[in-house]
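**Q** This is run27.pdb (PDB, C-alpha atoms).
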```pdb
ATOM      1  CA  TYR B   1       0.000   0.000   0.000
ATOM      2  CA  GLN B   2       1.143   3.500  -0.712
ATOM      3  CA  ASN B   3       1.302   5.469   2.543
ATOM      4  CA  GLY B   4       0.304   2.460   4.612
ATOM      5  CA  ALA B   5       1.121  -0.992   5.868
ATOM      6  CA  ILE B   6      -0.359  -4.361   6.690
ATOM      7  CA  PHE B   7       1.214  -6.325   9.493
ATOM      8  CA  GLY B   8       0.309  -9.144  11.815
ATOM      9  CA  ASP B   9       1.214 -12.245  13.755
ATOM     10  CA  TRP B  10       0.903 -15.456  11.698
ATOM     11  CA  ARG B  11       0.899 -17.580  14.853
ATOM     12  CA  THR B  12      -2.184 -15.925  16.323
ATOM     13  CA  GLY B  13      -3.802 -14.836  13.073
ATOM     14  CA  ASP B  14      -4.020 -11.207  14.240
ATOM     15  CA  ASN B  15      -3.840  -8.747  11.346
ATOM     16  CA  PHE B  16      -3.590  -4.995  11.396
ATOM     17  CA  VAL B  17      -3.887  -2.405   8.656
ATOM     18  CA  TRP B  18      -2.653   1.159   8.788
ATOM     19  CA  GLN B  19      -3.124   3.478   5.881
ATOM     20  CA  ARG B  20      -3.272   7.180   5.372
ATOM     21  CA  GLY B  21      -6.365   8.316   3.602
ATOM     22  CA  ARG B  22      -6.686  10.227   0.406
ATOM     23  CA  GLU B  23      -4.799  13.481   0.497
ATOM     24  CA  GLY B  24      -3.513  12.680   3.984
ATOM     25  CA  GLN B  25      -6.967  12.343   5.556
ATOM     26  CA  PRO B  26      -7.883   9.304   7.679
ATOM     27  CA  ARG B  27     -10.055   6.755   5.898
ATOM     28  CA  ASP B  28     -13.624   6.221   7.011
ATOM     29  CA  ALA B  29     -14.875   3.003   8.634
ATOM     30  CA  ALA B  30     -16.162   1.551   5.351
ATOM     31  CA  ASP B  31     -12.779   1.982   3.654
ATOM     32  CA  LEU B  32     -11.004   0.424   6.630
ATOM     33  CA  ALA B  33     -13.431  -2.529   6.620
ATOM     34  CA  GLU B  34     -12.811  -3.060   2.915
ATOM     35  CA  ILE B  35      -9.042  -2.989   3.404
ATOM     36  CA  ARG B  36      -9.300  -5.448   6.295
ATOM     37  CA  ALA B  37     -11.525  -7.769   4.249
ATOM     38  CA  LYS B  38      -9.063  -7.747   1.340
ATOM     39  CA  ALA B  39      -6.131  -8.414   3.674
ATOM     40  CA  ASP B  40      -8.031 -11.265   5.347
ATOM     41  CA  ALA B  41      -8.939 -12.791   1.976
ATOM     42  CA  ALA B  42      -5.317 -12.570   0.836
ATOM     43  CA  ARG B  43      -4.131 -14.243   4.067
ATOM     44  CA  LYS B  44      -6.672 -17.062   3.696
ATOM     45  CA  ALA B  45      -5.682 -17.622   0.059
ATOM     46  CA  ALA B  46      -1.994 -17.780   1.024
ATOM     47  CA  GLU B  47      -2.768 -20.249   3.825
ATOM     48  CA  ALA B  48      -4.792 -22.454   1.454
ATOM     49  CA  GLU B  49      -1.968 -22.418  -1.103
ATOM     50  CA  ARG B  50       0.588 -23.281   1.593
ATOM     51  CA  GLU B  51      -1.599 -26.161   2.861
ATOM     52  CA  GLN B  52      -1.979 -27.502  -0.685
ATOM     53  CA  GLY B  53       1.819 -27.444  -1.019
ATOM     54  CA  TYR B  54       2.165 -29.296   2.288
ATOM     55  CA  GLN B  55      -0.240 -31.990   1.100
ATOM     56  CA  GLU B  56       1.658 -32.490  -2.170
ATOM     57  CA  ALA B  57       4.963 -32.666  -0.289
ATOM     58  CA  ALA B  58       3.464 -35.204   2.143
ATOM     59  CA  ARG B  59       2.484 -37.417  -0.813
ATOM     60  CA  LYS B  60       6.049 -37.217  -2.166
ATOM     61  CA  ALA B  61       7.460 -37.957   1.295
ATOM     62  CA  ALA B  62       5.260 -41.045   1.683
ATOM     63  CA  ALA B  63       6.302 -42.286  -1.773
ATOM     64  CA  THR B  64       9.979 -41.724  -0.944
ATOM     65  CA  TRP B  65       9.589 -43.623   2.322
ATOM     66  CA  GLN B  66       7.810 -46.525   0.620
ATOM     67  CA  ALA B  67      10.486 -46.756  -2.084
ATOM     68  CA  ALA B  68      13.322 -46.890   0.461
ATOM     69  CA  ALA B  69      14.771 -50.192   1.691
ATOM     70  CA  PRO B  70      15.811 -51.034   5.266
ATOM     71  CA  ALA B  71      19.137 -49.375   6.061
ATOM     72  CA  GLN B  72      22.164 -51.652   6.198
ATOM     73  CA  GLY B  73      25.831 -50.727   6.528
ATOM     74  CA  HIS B  74      25.346 -47.022   5.831
ATOM     75  CA  PRO B  75      28.545 -44.943   6.394
ATOM     76  CA  TYR B  76      26.704 -42.387   8.576
ATOM     77  CA  LEU B  77      25.483 -45.119  10.915
ATOM     78  CA  SER B  78      28.988 -46.575  11.101
ATOM     79  CA  ALA B  79      30.557 -43.185  11.779
ATOM     80  CA  LYS B  80      28.096 -42.471  14.579
ATOM     81  CA  GLY B  81      28.256 -46.021  15.977
ATOM     82  CA  ILE B  82      24.476 -46.460  15.953
ATOM     83  CA  GLY B  83      22.014 -48.946  14.547
ATOM     84  CA  PRO B  84      19.510 -48.186  11.797
ATOM     85  CA  HIS B  85      16.343 -48.415  13.965
ATOM     86  CA  ILE B  86      13.566 -46.849  11.858
ATOM     87  CA  ALA B  87      15.926 -45.525   9.137
ATOM     88  CA  ARG B  88      15.685 -46.706   5.574
ATOM     89  CA  GLN B  89      18.060 -46.163   2.685
ATOM     90  CA  ARG B  90      17.541 -44.829  -0.826
ATOM     91  CA  ASN B  91      20.026 -43.622  -3.440
ATOM     92  CA  GLY B  92      22.886 -43.747  -0.944
ATOM     93  CA  SER B  93      21.148 -41.650   1.713
ATOM     94  CA  LEU B  94      19.404 -42.600   4.918
ATOM     95  CA  VAL B  95      15.717 -41.716   4.904
ATOM     96  CA  ILE B  96      14.040 -40.834   8.203
ATOM     97  CA  PRO B  97      10.257 -40.285   8.268
ATOM     98  CA  VAL B  98       8.846 -37.093   9.778
ATOM     99  CA  PHE B  99       5.405 -37.887  11.189
ATOM    100  CA  ASP B 100       2.608 -35.454  12.000
ATOM    101  CA  HIS B 101       0.524 -35.590  15.189
ATOM    102  CA  ASP B 102      -1.859 -38.117  13.603
ATOM    103  CA  GLY B 103       0.940 -40.498  12.582
ATOM    104  CA  GLY B 104       0.955 -39.594   8.877
ATOM    105  CA  ILE B 105       4.197 -38.832   7.065
ATOM    106  CA  GLN B 106       4.502 -35.096   6.437
ATOM    107  CA  SER B 107       8.134 -35.088   5.295
ATOM    108  CA  VAL B 108      11.343 -37.086   5.242
ATOM    109  CA  GLN B 109      14.865 -36.239   6.265
ATOM    110  CA  SER B 110      17.677 -37.503   4.052
ATOM    111  CA  ILE B 111      21.139 -37.970   5.563
ATOM    112  CA  SER B 112      24.048 -38.456   3.173
ATOM    113  CA  ALA B 113      27.046 -40.699   3.824
ATOM    114  CA  SER B 114      28.985 -37.601   4.932
ATOM    115  CA  GLY B 115      26.226 -36.526   7.330
ATOM    116  CA  GLU B 116      24.619 -33.758   5.277
ATOM    117  CA  LYS B 117      20.965 -33.469   6.310
ATOM    118  CA  ARG B 118      18.152 -32.269   4.071
ATOM    119  CA  PHE B 119      14.385 -32.145   4.367
ATOM    120  CA  LEU B 120      11.949 -32.498   1.494
ATOM    121  CA  PRO B 121      11.539 -29.002  -0.022
ATOM    122  CA  GLY B 122       8.141 -27.435   0.610
ATOM    123  CA  ALA B 123       7.168 -29.967   3.275
ATOM    124  CA  LYS B 124       5.736 -28.990   6.630
ATOM    125  CA  MET B 125       8.170 -29.350   9.521
ATOM    126  CA  ALA B 126       6.182 -27.758  12.341
ATOM    127  CA  GLY B 127       5.168 -30.427  14.832
ATOM    128  CA  GLY B 128       7.168 -33.102  12.990
ATOM    129  CA  ARG B 129       8.516 -36.044  14.980
ATOM    130  CA  CYS B 130       9.682 -39.625  14.819
ATOM    131  CA  TRP B 131       9.986 -42.156  17.650
ATOM    132  CA  ILE B 132      12.809 -44.586  18.236
ATOM    133  CA  GLY B 133      11.308 -47.121  20.607
ATOM    134  CA  GLU B 134       7.674 -47.315  21.601
ATOM    135  CA  PRO B 135       6.411 -44.632  23.992
ATOM    136  CA  ASN B 136       4.395 -45.916  26.922
ATOM    137  CA  GLU B 137       2.748 -44.430  29.964
ATOM    138  CA  SER B 138       5.371 -45.583  32.452
ATOM    139  CA  GLY B 139       8.985 -44.551  32.432
ATOM    140  CA  PRO B 140      10.719 -41.572  30.888
ATOM    141  CA  LEU B 141      10.127 -40.174  27.428
ATOM    142  CA  VAL B 142      13.129 -38.416  25.926
ATOM    143  CA  LEU B 143      13.203 -35.613  23.347
ATOM    144  CA  ALA B 144      16.207 -35.164  21.056
ATOM    145  CA  GLU B 145      16.715 -32.892  18.083
ATOM    146  CA  GLY B 146      18.670 -35.209  15.784
ATOM    147  CA  TYR B 147      18.523 -38.817  14.635
ATOM    148  CA  ALA B 148      22.003 -39.852  15.818
ATOM    149  CA  THR B 149      21.486 -38.287  19.243
ATOM    150  CA  ALA B 150      18.113 -39.983  19.606
ATOM    151  CA  ALA B 151      19.489 -43.361  18.516
ATOM    152  CA  SER B 152      22.450 -43.043  20.901
ATOM    153  CA  ILE B 153      20.193 -42.220  23.867
ATOM    154  CA  HIS B 154      17.818 -45.061  23.038
ATOM    155  CA  GLU B 155      20.652 -47.563  22.673
ATOM    156  CA  ALA B 156      22.259 -46.459  25.965
ATOM    157  CA  THR B 157      19.059 -46.402  28.044
ATOM    158  CA  GLY B 158      16.392 -48.420  26.243
ATOM    159  CA  TRP B 159      14.029 -45.480  26.728
ATOM    160  CA  PRO B 160      11.752 -44.299  23.928
ATOM    161  CA  VAL B 161      13.166 -41.176  22.271
ATOM    162  CA  CYS B 162      11.264 -38.689  20.125
ATOM    163  CA  ILE B 163      13.293 -37.082  17.328
ATOM    164  CA  THR B 164      12.024 -33.516  16.901
ATOM    165  CA  PHE B 165      14.317 -32.650  13.932
ATOM    166  CA  THR B 166      14.416 -28.918  14.744
ATOM    167  CA  ALA B 167      14.797 -26.974  17.962
ATOM    168  CA  GLY B 168      11.414 -25.339  17.283
ATOM    169  CA  ASN B 169       9.740 -28.744  17.583
ATOM    170  CA  LEU B 170      11.283 -29.477  20.991
ATOM    171  CA  ARG B 171       8.464 -27.481  22.522
TER
END
```
Will you turn the file into structure tokens for me?
**A**
Amino acid sequence: YQNGAIFGDWRTGDNFVWQRGREGQPRDAADLAEIRAKADAARKAAEAEREQGYQEAARKAAATWQAAAPAQGHPYLSAKGIGPHIARQRNGSLVIPVFDHDGGIQSVQSISASGEKRFLPGAKMAGGRCWIGEPNESGPLVLAEGYATAASIHEATGWPVCITFTAGNLR
């Protein structure tokens, strides 16, 4: 907007519009309502487009996971001194599933032989997780950011460990 701004908080959905009126005069309530409605429609359209992208990425992630074979003798596992657990292997990389809160695959993490980690482009990562070991109601549940750390903790303790993949998911 010329002589104005739209700003907000995507986490809460709060949106605010500030705009100078014509010739420097404040806009009337009807103009402000129209601006707010347009901003809200644009936000909803962007959210719908983002969700559609997440769904397409989730389909690709599930296909990648299904096409991968159980991991065996991967250099990254050897270097870290850990077992494969849930990891699979495809095209020379480990493939780790990233599950959503309902247990569906929303993304995958690929780990190269040298340890380079990549997530599926365009996939949702917020709330993503993967368990090594089965969580139960008794005993500790451990959170770890990375696959090797989670596998190491699980192997040392036998406790179920949730891989959160990013520090933002530790919460």
**Q** Taking only C-alpha atoms into account, name the residue in B:Arg50, B:Pro75, B:Tyr147, B:Ser93 that is nearest to Ser112 in chain B.
**A**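 Nearest candidate to Ser112 in chain B out of B:Arg50, B:Pro75, B:Tyr147, B:Ser93: B:Ser93.
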**Q** Per residue of range 80-103 of chain B within 12 Å of range 55-58 of chain B, record the nearest atom pair and its distance in Å to one decimal, counting all atoms listed in the file, with rows in chain order and ascending residue number, as a tab-separated table.
**A**
```
residue	atom	partner	partner_atom	distance
B:Pro97	CA	B:Ala58	CA	10.5
B:Val98	CA	B:Ala58	CA	9.5
B:Phe99	CA	B:Ala58	CA	9.6
B:Asp100	CA	B:Ala58	CA	9.9
B:Gly103	CA	B:Ala58	CA	12.0
```
**Q** Can you list, as a list in words, every protein, DNA or RNA residue that comes within 7 Å of Val108 in chain B when you count only C-alpha atoms, leaving out same-chain residues fewer than 5 positions away?
**A** Ala61, Val95, Ile96, Pro97, Val98, Phe119 and Leu120 of chain B
**Q** Would you mind exporting the chosen residues as a compact mmCIF listing (two decimals), keeping the file's coordinate frame, restricted to C-alpha atoms?
**A**
```txt
# COMPACT_ATOMS: atom_id res chain seq x y z
CA ALA B 61 7.46 -37.96 1.30
CA VAL B 95 15.72 -41.72 4.90
CA ILE B 96 14.04 -40.83 8.20
CA PRO B 97 10.26 -40.28 8.27
CA VAL B 98 8.85 -37.09 9.78
CA PHE B 119 14.38 -32.15 4.37
CA LEU B 120 11.95 -32.50 1.49
```
**Q** In Å, rounded to a single decimal, give me how far CA of Ser152 in chain B is from CA of Thr164 in chain B.
**A** 14.7 Å
**Q** Which of these residues is nearest to Gln66 in chain B, using only C-alpha atoms: B:Arg171, B:Lys117, B:Arg88, B:His154?
**A**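 Going through B:Arg171, B:Lys117, B:Arg88, B:His154 one by one, the smallest distance to Gln66 in chain B is for B:Arg88.
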**Q** Here's the selection I'm unsure about, the PyMOL selection byres ((chain B and resi 141) around 10); applied to the file above, which residues does it give, as an MDAnalysis selection string?
**A** chainID B and resid 131 133:140 142:143 159:162
**Q** Next, dump the selected residues to file, keeping only C-alpha atoms, as a PDB file, in the coordinates of the input.
**A**
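Resulting contents of selection22.pdb:
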```pdb
ATOM      1  CA  TRP B 131       9.986 -42.156  17.650  1.00  0.00           C
ATOM      2  CA  GLY B 133      11.308 -47.121  20.607  1.00  0.00           C
ATOM      3  CA  GLU B 134       7.674 -47.315  21.601  1.00  0.00           C
ATOM      4  CA  PRO B 135       6.411 -44.632  23.992  1.00  0.00           C
ATOM      5  CA  ASN B 136       4.395 -45.916  26.922  1.00  0.00           C
ATOM      6  CA  GLU B 137       2.748 -44.430  29.964  1.00  0.00           C
ATOM      7  CA  SER B 138       5.371 -45.583  32.452  1.00  0.00           C
ATOM      8  CA  GLY B 139       8.985 -44.551  32.432  1.00  0.00           C
ATOM      9  CA  PRO B 140      10.719 -41.572  30.888  1.00  0.00           C
ATOM     10  CA  VAL B 142      13.129 -38.416  25.926  1.00  0.00           C
ATOM     11  CA  LEU B 143      13.203 -35.613  23.347  1.00  0.00           C
ATOM     12  CA  TRP B 159      14.029 -45.480  26.728  1.00  0.00           C
ATOM     13  CA  PRO B 160      11.752 -44.299  23.928  1.00  0.00           C
ATOM     14  CA  VAL B 161      13.166 -41.176  22.271  1.00  0.00           C
ATOM     15  CA  CYS B 162      11.264 -38.689  20.125  1.00  0.00           C
TER      16      CYS B 162
END
```
**Q** Hey, can you check how far CA of Ala67 in chain B sits from CA of Ile82 in chain B?
**A** 22.8 Å
**Q** Applied to the shown file, which residues does the PyMOL selection byres ((chain B and resi 73) around 12) return, written as an MDAnalysis selection string?
**A** chainID B and resid 70:72 74:84 87:89 92:94 113
**Q** For Gly13 in chain B, which residue out of B:Thr64, B:Arg118, B:Ala30, B:Asp40 is the nearest one, using all atoms listed in the file?
**A**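 Going through B:Thr64, B:Arg118, B:Ala30, B:Asp40 one by one, the smallest distance to Gly13 in chain B is for B:Asp40.
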**Q** Translate the PyMOL selection byres ((chain B and resi 167) around 12), as applied to the file shown, into an explicit residue set as a PyMOL selection string.
**A** chain B and resi 125-129+143-146+163-166+168-171
**Q** Rounded to one decimal, what separation in Å do you get between CA of Lys124 in chain B and CA of Gln106 in chain B?
**A**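 So the answer is 6.2 Å.
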**Q** Between B:Ala41, B:Asp102, B:Ser107, B:Ile86, which one has atoms that come closest to Ala148 in chain B, using all atoms listed in the file?
**A**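 The closest residue to Ala148 in chain B is B:Ile86.
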